[in-house]
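To be precise, the following lines are my_file-v8.csv, and they hold CSV, C-alpha atoms.
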chain,number,residue,atom,x,y,z
A,272,MET,CA,171.8,127.3,153.7
A,273,ASN,CA,171.1,129.1,156.9
A,274,LEU,CA,174.0,130.4,159.0
A,275,SER,CA,171.5,131.1,161.8
A,276,PRO,CA,167.7,131.7,162.0
A,277,ASN,CA,167.9,135.1,160.3
A,278,PHE,CA,171.1,135.0,158.2
A,279,THR,CA,171.8,132.9,155.1
A,280,LEU,CA,175.0,131.9,153.3
A,281,GLU,CA,173.5,133.4,150.2
A,282,GLU,CA,173.3,136.9,151.7
A,283,ALA,CA,176.7,136.5,153.3
A,284,THR,CA,178.4,135.7,150.0
A,285,VAL,CA,176.5,137.8,147.5
A,286,SER,CA,178.8,140.3,145.7
A,287,ASP,CA,178.0,142.3,142.5
A,288,THR,CA,181.7,142.6,142.0
A,289,ALA,CA,182.3,138.9,142.2
A,290,ALA,CA,179.4,138.2,139.8
A,291,ARG,CA,180.6,140.8,137.3
A,292,LEU,CA,184.2,139.5,137.4
A,293,GLY,CA,183.4,135.8,137.6
A,294,ILE,CA,185.1,135.4,141.0
A,295,ASP,CA,184.1,132.4,143.2
A,296,ASN,CA,183.0,133.9,146.5
A,297,GLN,CA,182.3,130.7,148.4
A,298,PRO,CA,184.0,130.1,151.8
A,299,ASP,CA,186.1,127.2,152.7
A,300,ALA,CA,185.1,125.1,155.8
A,301,VAL,CA,187.0,127.3,158.3
A,302,SER,CA,185.5,130.5,157.0
A,303,LEU,CA,182.1,128.9,156.9
A,304,ALA,CA,182.5,128.0,160.6
A,305,ASN,CA,183.6,131.6,161.3
A,306,MET,CA,180.5,132.9,159.5
A,307,ILE,CA,178.2,130.7,161.6
A,308,ASP,CA,179.9,132.0,164.8
A,309,THR,CA,179.5,135.6,163.5
A,310,ALA,CA,175.9,135.0,162.6
A,311,SER,CA,175.2,133.7,166.2
A,312,LYS,CA,176.5,137.0,167.6
A,313,LEU,CA,174.5,139.1,165.1
A,314,GLU,CA,171.4,137.2,166.1
A,315,LEU,CA,172.0,138.3,169.7
A,316,LEU,CA,172.3,141.9,168.5
A,317,ARG,CA,169.2,141.6,166.3
A,318,ALA,CA,167.2,140.3,169.3
A,319,TYR,CA,168.4,143.2,171.5
A,320,LEU,CA,167.6,145.8,168.8
A,321,GLY,CA,164.3,144.2,167.9
A,322,LYS,CA,164.9,144.9,164.3
A,323,PRO,CA,166.5,143.1,161.3
A,324,ILE,CA,170.1,143.7,160.5
A,325,HIS,CA,170.7,144.3,156.8
A,326,THR,CA,174.1,143.1,155.6
A,327,THR,CA,175.9,144.8,152.7
A,328,SER,CA,179.2,143.0,152.8
A,329,TRP,CA,180.2,139.9,154.7
A,330,TYR,CA,182.4,137.2,153.3
A,331,ARG,CA,185.0,138.1,150.7
A,332,SER,CA,187.2,135.5,149.2
A,333,PRO,CA,190.9,136.5,149.1
A,334,VAL,CA,190.6,136.9,145.3
A,335,LEU,CA,187.5,139.2,145.7
A,336,ASN,CA,189.0,141.2,148.5
A,337,ILE,CA,192.0,142.2,146.3
A,338,VAL,CA,189.7,143.9,143.8
A,339,ILE,CA,187.6,145.8,146.3
A,340,PRO,CA,189.0,149.4,146.4
A,341,GLY,CA,190.3,150.3,149.9
A,342,SER,CA,190.1,146.8,151.3
A,343,SER,CA,192.8,145.8,153.7
A,344,ARG,CA,195.0,142.9,152.7
A,345,THR,CA,194.3,141.5,156.2
A,346,SER,CA,190.5,142.2,156.2
A,347,ALA,CA,188.5,140.0,158.5
A,348,HIS,CA,185.9,139.8,155.7
A,349,MET,CA,188.2,137.2,154.2
A,350,THR,CA,187.8,134.9,157.2
A,351,GLY,CA,184.0,135.4,157.6
A,352,TYR,CA,184.4,137.3,160.8
A,353,ALA,CA,183.5,140.8,159.5
A,354,VAL,CA,180.2,142.2,158.4
A,355,ASP,CA,179.2,145.7,157.1
A,356,CYS,CA,175.6,146.4,157.9
A,357,HIS,CA,172.9,148.8,158.7
A,358,VAL,CA,169.5,148.8,160.5
A,359,SER,CA,166.4,150.7,159.4
A,360,GLY,CA,165.5,153.4,161.7
A,361,LEU,CA,169.0,153.8,163.2
A,362,SER,CA,171.8,155.9,161.9
A,363,ALA,CA,175.1,154.2,161.4
A,364,LEU,CA,176.5,155.9,164.5
A,365,GLU,CA,173.5,154.9,166.6
A,366,LEU,CA,173.8,151.3,165.5
A,367,CYS,CA,177.5,151.3,166.4
A,368,LYS,CA,176.8,152.8,169.8
A,369,GLU,CA,174.0,150.3,170.5
A,370,ALA,CA,176.1,147.4,169.4
A,371,ALA,CA,179.1,148.4,171.6
A,372,ARG,CA,176.7,149.0,174.5
A,373,PHE,CA,175.1,145.6,174.1
A,374,PHE,CA,178.3,143.6,173.6
A,375,ASP,CA,180.1,145.4,176.4
A,376,SER,CA,177.3,145.2,178.9
A,377,ASN,CA,176.8,141.5,178.2
A,378,ASN,CA,180.6,140.7,178.2
A,379,ILE,CA,180.3,139.3,174.6
A,380,PRO,CA,183.7,139.7,172.9
A,381,TYR,CA,184.1,141.5,169.6
A,382,ASP,CA,187.2,142.7,167.8
A,383,GLN,CA,186.1,146.0,166.2
A,384,ILE,CA,183.0,148.1,165.8
A,385,ILE,CA,183.7,150.8,163.2
A,386,HIS,CA,181.5,153.7,162.2
A,387,GLU,CA,182.4,154.0,158.5
A,388,TYR,CA,181.7,157.1,156.5
A,389,GLY,CA,178.5,157.9,158.4
A,390,LYS,CA,176.8,155.1,156.3
A,391,TRP,CA,177.3,151.7,157.9
A,392,MET,CA,178.7,149.7,160.8
A,393,HIS,CA,181.6,147.4,160.3
A,394,ILE,CA,181.7,144.8,163.0
A,395,SER,CA,184.1,142.0,163.4
A,396,PHE,CA,184.5,139.1,165.7
A,397,THR,CA,188.1,138.0,164.9
A,398,PRO,CA,189.4,136.2,168.0
A,399,THR,CA,191.9,138.8,168.9
A,400,TYR,CA,188.9,140.5,170.6
A,401,ARG,CA,190.5,143.9,170.9
A,402,ARG,CA,187.1,145.6,171.7
A,403,GLN,CA,188.0,148.5,169.5
A,404,THR,CA,185.6,151.2,168.5
A,405,LEU,CA,186.7,153.4,165.6
A,406,THR,CA,185.4,156.0,163.2
A,407,ILE,CA,186.5,156.9,159.6
A,408,PHE,CA,185.1,159.6,157.3
A,409,LYS,CA,186.4,160.7,153.9
A,410,ASN,CA,188.6,163.7,154.2
A,411,ASN,CA,191.3,165.6,152.3
A,412,SER,CA,193.9,165.4,155.1
A,413,GLY,CA,194.7,161.7,154.7
A,414,LYS,CA,193.3,161.0,158.2
A,415,LYS,CA,192.4,157.4,158.7
A,416,TYR,CA,190.7,155.5,161.5
A,417,VAL,CA,190.3,157.4,164.8
A,418,ALA,CA,189.5,155.8,168.2
A,419,GLY,CA,185.9,156.1,169.4
A,420,LEU,CA,182.5,156.3,167.8
A,421,LEU,CA,182.3,159.9,166.5
A,422,THR,CA,180.1,162.2,164.5
A,423,GLU,CA,181.7,163.6,161.4
A,424,LYS,CA,182.1,167.0,163.1
A,425,GLU,CA,183.9,165.3,166.1
A,426,TYR,CA,186.1,163.3,163.7
A,427,ASN,CA,187.1,166.5,161.8
A,428,LEU,CA,188.1,168.3,165.0
A,429,ILE,CA,190.7,165.7,165.8
For this file, write the structure as structure tokens.
Amino acid sequence: MNLSPNFTLEEATVSDTAARLGIDNQPDAVSLANMIDTASKLELLRAYLGKPIHTTSWYRSPVLNIVIPGSSRTSAHMTGYAVDCHVSGLSALELCKEAARFFDSNNIPYDQIIHEYGKWMHISFTPTYRRQTLTIFKNNSGKKYVAGLLTEKEYNLI
């Protein structure tokens, strides 16, 4: 099933962890509708970038989300509104900055754009639409999310 012209339900629900543990990772009707809404916004970003968006984590059933290390118990992945992704030819930071620029300049609401660990962009469209930009890197000080889209060096200076 297609969620949009370039995103499928299969890619949005695939999970090695779910397969390994026998966890059903299919969305209910509400989450599916949220995923279709999210896909429509990702299509806009894809067209702007002129490049495919590769998703690495999208929908996580509540049962699956519990077993994912580090996952928030209120993760927008559980409602189909959050996607972890990357784009070939762009660093995670560049992708985050381009996404924020695009959505802000076109007045398209989003909830969060997070530069995670220098590896991927987490983007969510939960209807709180906080328009937050955040960064997180692994560190020894217990520091968590920091406001803004930052390099690792900038993050560690805070």
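Each of A:Thr279, A:Gln297, A:Asn305, A:Asn273 was checked against A:Phe396 using all atoms listed in the file; the smallest atom-to-atom distance is that of A:Asn305.
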(message) Which residue is closest to A:Ile429? Choose from A:Ile337, A:Met392, A:Met349, A:Ile407 and count only C-alpha atoms.
(response)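 The answer is A:Ile407, which sits nearest to A:Ile429.
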(request) Using all atoms listed in the file, find the one residue out of A:Gly351, A:Glu282, A:His325, A:Leu420 that sits nearest to A:Val301. (result) A:Gly351
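Within the 12 Å cut-off around A:Leu364, using all atoms listed in the file and omitting residues fewer than 5 positions from it on the same chain, the listed residues are A:Cys356, A:His357, A:Val358, A:Glu369, A:Ala370, A:Ala371, A:Ile384, A:Ile385, A:His386, A:Glu387, A:Tyr388, A:Gly389, A:Lys390, A:Trp391, A:Met392, A:His393, A:Thr404, A:Leu405, A:Thr406, A:Ile407, A:Phe408, A:Gly419, A:Leu420, A:Leu421, A:Thr422, A:Glu423.
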Near A:Pro398, within 12 Å and counting only C-alpha atoms, which residues show up once chain neighbours fewer than 4 positions away are dropped, as a PDB file with C-alpha atoms, keeping the file's coordinate frame?
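Output contents, as saved in part_33.pdb:
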ATOM      1  CA  ASN A 305     183.600 131.600 161.300  1.00  0.00           C
ATOM      2  CA  ASP A 308     179.900 132.000 164.800  1.00  0.00           C
ATOM      3  CA  THR A 309     179.500 135.600 163.500  1.00  0.00           C
ATOM      4  CA  ALA A 347     188.500 140.000 158.500  1.00  0.00           C
ATOM      5  CA  THR A 350     187.800 134.900 157.200  1.00  0.00           C
ATOM      6  CA  GLY A 351     184.000 135.400 157.600  1.00  0.00           C
ATOM      7  CA  TYR A 352     184.400 137.300 160.800  1.00  0.00           C
ATOM      8  CA  ALA A 353     183.500 140.800 159.500  1.00  0.00           C
ATOM      9  CA  ILE A 379     180.300 139.300 174.600  1.00  0.00           C
ATOM     10  CA  PRO A 380     183.700 139.700 172.900  1.00  0.00           C
ATOM     11  CA  TYR A 381     184.100 141.500 169.600  1.00  0.00           C
ATOM     12  CA  ASP A 382     187.200 142.700 167.800  1.00  0.00           C
ATOM     13  CA  GLN A 383     186.100 146.000 166.200  1.00  0.00           C
ATOM     14  CA  ARG A 402     187.100 145.600 171.700  1.00  0.00           C
TER      15      ARG A 402
END
(request) Could you check which of A:Arg317, A:Thr288, A:Arg401, A:Val334 is closest to A:Leu366, using all atoms listed in the file? (result) A:Arg317
(message) Within 10 Å of (177.3, 135.7, 155.7) (file coordinates; all atoms listed in the file), which protein or nucleic acid residues are there? I'd like them as an NGL selection string.
(response) :A and (273-275 or 278-285 or 298 or 302-303 or 305-307 or 309-310 or 326-331 or 348 or 351-354)
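Of the residues listed (A:Glu425, A:Glu314, A:Asp375, A:Asp299), A:Glu314 shows the shortest atom-to-atom separation from A:Pro276; distances use all atoms listed in the file.
If you measure from each of A:Asn410, A:Ser359, A:Asn378, A:Ser286 to A:Asn336 using only C-alpha atoms, the closest one turns out to be A:Ser286.
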